[in-house]
Amino acid sequence: MSDAQFVLASGSPRRADLLLSVGLKFLIEPADIDESINPGEEPLDYVRRMARSKAMHVCSDLAVLGADTIVLVDGEVLGKPLDRSQAISFLGTLSGREHEVVTAIAISLRGRIEIAVVATKVHFRDLKPHEASRYWDTGEPLDKAGGYGLQGVGGVFVEKVIGSYSAVIGLPLVETERLLSSFGVDTWRNRT
């Protein structure tokens with residue numbers, strides 16, 4: 001795409017949809033990196049490292065945007081569920097309580113890198129015993145941190161969001177716009 005403004009170092013369709021929804025044009029080049037948590041690594045250090053690694057992994061003459069999202073409950077990271085059992089366990093843990101969704105974004109260009117981290121509180125309603133299992137059957141929990149998607153069927157579990165709605169989906173739009181602009185990306189170029 002010759003009019004691309006930057007590169008998105010992610011294969012997440014949700015991140016791409018968010019960027020498209022605000023009129024941005026970009027190339028997609030997913031960063032193939034190891035996303036394991038290092039022994040003893042703090043959750044905020046982990047999410048920052050992932051966003052930074054993704055942004056720096058892709059080589060381009062354009063700014064590169066990397067992002068990572070984690071779900072935190074009692075200081076523990078709930079990643080993408082490995083299977084049905086783990087997804088149901090995650091949803092049971094989230095049921096009837098508040099958790100935190102943390103998204104880090106990083107932009108790199110010619111050796112310069114900037115990172116922003118956005119934390120949002122999400123409150124789940126009490127889930128009925130069969131709901132987690134039925135939700136798994138939708139296929140939605142598979143590739144999502146914490147095993148749910150706010151923008152999809154999983155939204156029926158969410159009573160309240162305090163903070164950035166888009167950050168829970170995977171990309172805080174306000175901070176993304178701010179960082180892209182600080183790297184000289186004319187975010188308004190394709191919006192007219």
# chains A, B, ... in the order shown; residues from 1 in each chain; ligands from 1

$ residues_around --residues "range 148-165 of chain A" --least-positions-apart "3" --cutoff "9 Å" --atoms "only C-alpha atoms" --output "ChimeraX atom specification"
/A:14,80,87,90-91,95,98,118-127,135,138,140-145,168-169,171-174

$ write_last_selection --atoms "C-alpha atoms" --output "mmCIF file, in the first residue's frame"
data_model
loop_
_atom_site.group_PDB
_atom_site.id
_atom_site.type_symbol
_atom_site.label_atom_id
_atom_site.label_comp_id
_atom_site.auth_asym_id
_atom_site.auth_seq_id
_atom_site.Cartn_x
_atom_site.Cartn_y
_atom_site.Cartn_z
ATOM 1 C CA ARG A 14 -9.016 -6.290 16.303
ATOM 2 C CA LYS A 80 -4.524 -16.524 25.941
ATOM 3 C CA ALA A 87 -10.633 -20.693 29.284
ATOM 4 C CA PHE A 90 -10.135 -17.911 33.485
ATOM 5 C CA LEU A 91 -13.776 -16.895 33.139
ATOM 6 C CA SER A 95 -16.741 -13.784 37.315
ATOM 7 C CA GLU A 98 -12.961 -6.423 38.777
ATOM 8 C CA VAL A 118 -2.623 2.156 29.486
ATOM 9 C CA ALA A 119 -4.392 0.354 32.342
ATOM 10 C CA THR A 120 -8.170 -0.060 32.343
ATOM 11 C CA LYS A 121 -10.404 -1.569 35.009
ATOM 12 C CA VAL A 122 -13.086 -3.999 33.829
ATOM 13 C CA HIS A 123 -15.855 -5.370 36.049
ATOM 14 C CA PHE A 124 -17.487 -8.686 35.161
ATOM 15 C CA ARG A 125 -20.978 -9.642 36.262
ATOM 16 C CA ASP A 126 -21.500 -12.999 37.964
ATOM 17 C CA LEU A 127 -21.433 -15.719 35.322
ATOM 18 C CA TYR A 135 -18.911 -18.971 25.435
ATOM 19 C CA THR A 138 -18.397 -19.557 20.137
ATOM 20 C CA GLU A 140 -14.119 -16.276 20.601
ATOM 21 C CA PRO A 141 -11.933 -16.901 23.700
ATOM 22 C CA LEU A 142 -9.150 -18.751 21.863
ATOM 23 C CA ASP A 143 -6.859 -15.883 20.866
ATOM 24 C CA LYS A 144 -7.704 -13.333 23.543
ATOM 25 C CA ALA A 145 -5.893 -12.391 26.729
ATOM 26 C CA VAL A 168 -9.263 -3.420 26.370
ATOM 27 C CA ILE A 169 -9.799 -4.467 22.745
ATOM 28 C CA LEU A 171 -5.060 -0.646 21.182
ATOM 29 C CA PRO A 172 -5.601 2.596 23.131
ATOM 30 C CA LEU A 173 -6.533 4.997 20.337
ATOM 31 C CA VAL A 174 -5.760 8.265 22.157
#

$ select_by_dssp --residues "range 24-164 of chain A" --states "helix (DSSP H, G or I)" --output "VMD selection string"
chain A and resid 43 to 57 84 to 94 131 to 137 140 to 143 145 to 147 153 to 157

$ closest_residue --among "A:Asp32, A:Asp17, A:Asp68, A:Asp83" --to "Arg49 in chain A" --atoms "only C-alpha atoms"
A:Asp68

$ select_by_dssp --residues "range 70-150 of chain A" --states "strand (DSSP E or B)" --output "ChimeraX atom specification"
/A:70-73,76-78,98-109,112-124

$ write_last_selection --atoms "C-alpha atoms" --output "CSV table (one decimal), in the first residue's frame"
chain,number,residue,atom,x,y,z
A,70,ILE,CA,-2.5,-8.6,29.3
A,71,VAL,CA,-5.3,-9.3,31.8
A,72,LEU,CA,-4.3,-9.0,35.4
A,73,VAL,CA,-6.1,-10.5,38.4
A,76,GLU,CA,-1.3,-12.7,38.0
A,77,VAL,CA,-1.3,-12.5,34.2
A,78,LEU,CA,-4.1,-14.4,32.4
A,98,GLU,CA,-13.0,-6.4,38.8
A,99,HIS,CA,-9.7,-7.0,36.9
A,100,GLU,CA,-7.3,-4.9,35.0
A,101,VAL,CA,-6.4,-4.9,31.3
A,102,VAL,CA,-3.1,-3.4,30.5
A,103,THR,CA,-2.1,-2.6,27.0
A,104,ALA,CA,1.4,-1.3,26.0
A,105,ILE,CA,2.1,0.3,22.7
A,106,ALA,CA,5.5,1.0,21.2
A,107,ILE,CA,6.6,2.9,18.1
A,108,SER,CA,10.0,2.6,16.6
A,109,LEU,CA,11.6,4.5,13.8
A,112,ARG,CA,14.1,5.8,18.3
A,113,ILE,CA,11.5,4.1,20.4
A,114,GLU,CA,8.7,5.4,22.6
A,115,ILE,CA,6.3,3.4,24.7
A,116,ALA,CA,3.0,4.1,26.4
A,117,VAL,CA,1.1,1.9,28.8
A,118,VAL,CA,-2.6,2.2,29.5
A,119,ALA,CA,-4.4,0.4,32.3
A,120,THR,CA,-8.2,-0.1,32.3
A,121,LYS,CA,-10.4,-1.6,35.0
A,122,VAL,CA,-13.1,-4.0,33.8
A,123,HIS,CA,-15.9,-5.4,36.0
A,124,PHE,CA,-17.5,-8.7,35.2

$ closest_residue --among "A:Arg48, A:Phe6, A:Ile28, A:Arg84" --to "Leu179 in chain A" --atoms "only C-alpha atoms"
A:Phe6

$ atom_distance --atom1 "CA of Phe183 in chain A" --atom2 "CA of Gln5 in chain A"
10.8 Å

$ atom_distance --atom1 "CA of Ala9 in chain A" --atom2 "CA of Gly66 in chain A"
5.1 Å

$ closest_residue --among "A:Leu24, A:Ala67, A:Cys59, A:Met50" --to "Ser12 in chain A" --atoms "only C-alpha atoms"
A:Ala67

$ closest_residue --among "A:Tyr46, A:Leu65, A:Gly92, A:Thr192" --to "Asp34 in chain A" --atoms "only C-alpha atoms"
A:Tyr46

$ closest_residue --among "A:Gly111, A:Gly139, A:Gly184, A:Gly146" --to "Gln86 in chain A" --atoms "only C-alpha atoms"
A:Gly146

$ atom_distance --atom1 "CA of Lys25 in chain A" --atom2 "CA of Leu180 in chain A"
12.2 Å

$ decode --residues "range 113-139 of chain A" --atoms "C-alpha atoms" --output "mmCIF file, in the first residue's frame"
data_model
loop_
_atom_site.group_PDB
_atom_site.id
_atom_site.type_symbol
_atom_site.label_atom_id
_atom_site.label_comp_id
_atom_site.auth_asym_id
_atom_site.auth_seq_id
_atom_site.Cartn_x
_atom_site.Cartn_y
_atom_site.Cartn_z
ATOM 1 C CA ILE A 113 11.466 4.084 20.390
ATOM 2 C CA GLU A 114 8.653 5.418 22.554
ATOM 3 C CA ILE A 115 6.328 3.371 24.740
ATOM 4 C CA ALA A 116 2.980 4.134 26.385
ATOM 5 C CA VAL A 117 1.108 1.902 28.825
ATOM 6 C CA VAL A 118 -2.623 2.156 29.486
ATOM 7 C CA ALA A 119 -4.392 0.354 32.342
ATOM 8 C CA THR A 120 -8.170 -0.060 32.343
ATOM 9 C CA LYS A 121 -10.404 -1.569 35.009
ATOM 10 C CA VAL A 122 -13.086 -3.999 33.829
ATOM 11 C CA HIS A 123 -15.855 -5.370 36.049
ATOM 12 C CA PHE A 124 -17.487 -8.686 35.161
ATOM 13 C CA ARG A 125 -20.978 -9.642 36.262
ATOM 14 C CA ASP A 126 -21.500 -12.999 37.964
ATOM 15 C CA LEU A 127 -21.433 -15.719 35.322
ATOM 16 C CA LYS A 128 -23.914 -18.571 35.383
ATOM 17 C CA PRO A 129 -22.277 -22.023 35.496
ATOM 18 C CA HIS A 130 -23.057 -22.912 31.871
ATOM 19 C CA GLU A 131 -22.070 -19.559 30.361
ATOM 20 C CA ALA A 132 -18.292 -20.074 30.295
ATOM 21 C CA SER A 133 -18.688 -23.384 28.492
ATOM 22 C CA ARG A 134 -21.177 -21.974 25.993
ATOM 23 C CA TYR A 135 -18.911 -18.971 25.435
ATOM 24 C CA TRP A 136 -15.987 -21.263 24.645
ATOM 25 C CA ASP A 137 -18.166 -22.908 21.983
ATOM 26 C CA THR A 138 -18.397 -19.557 20.137
ATOM 27 C CA GLY A 139 -14.659 -19.811 19.391
#
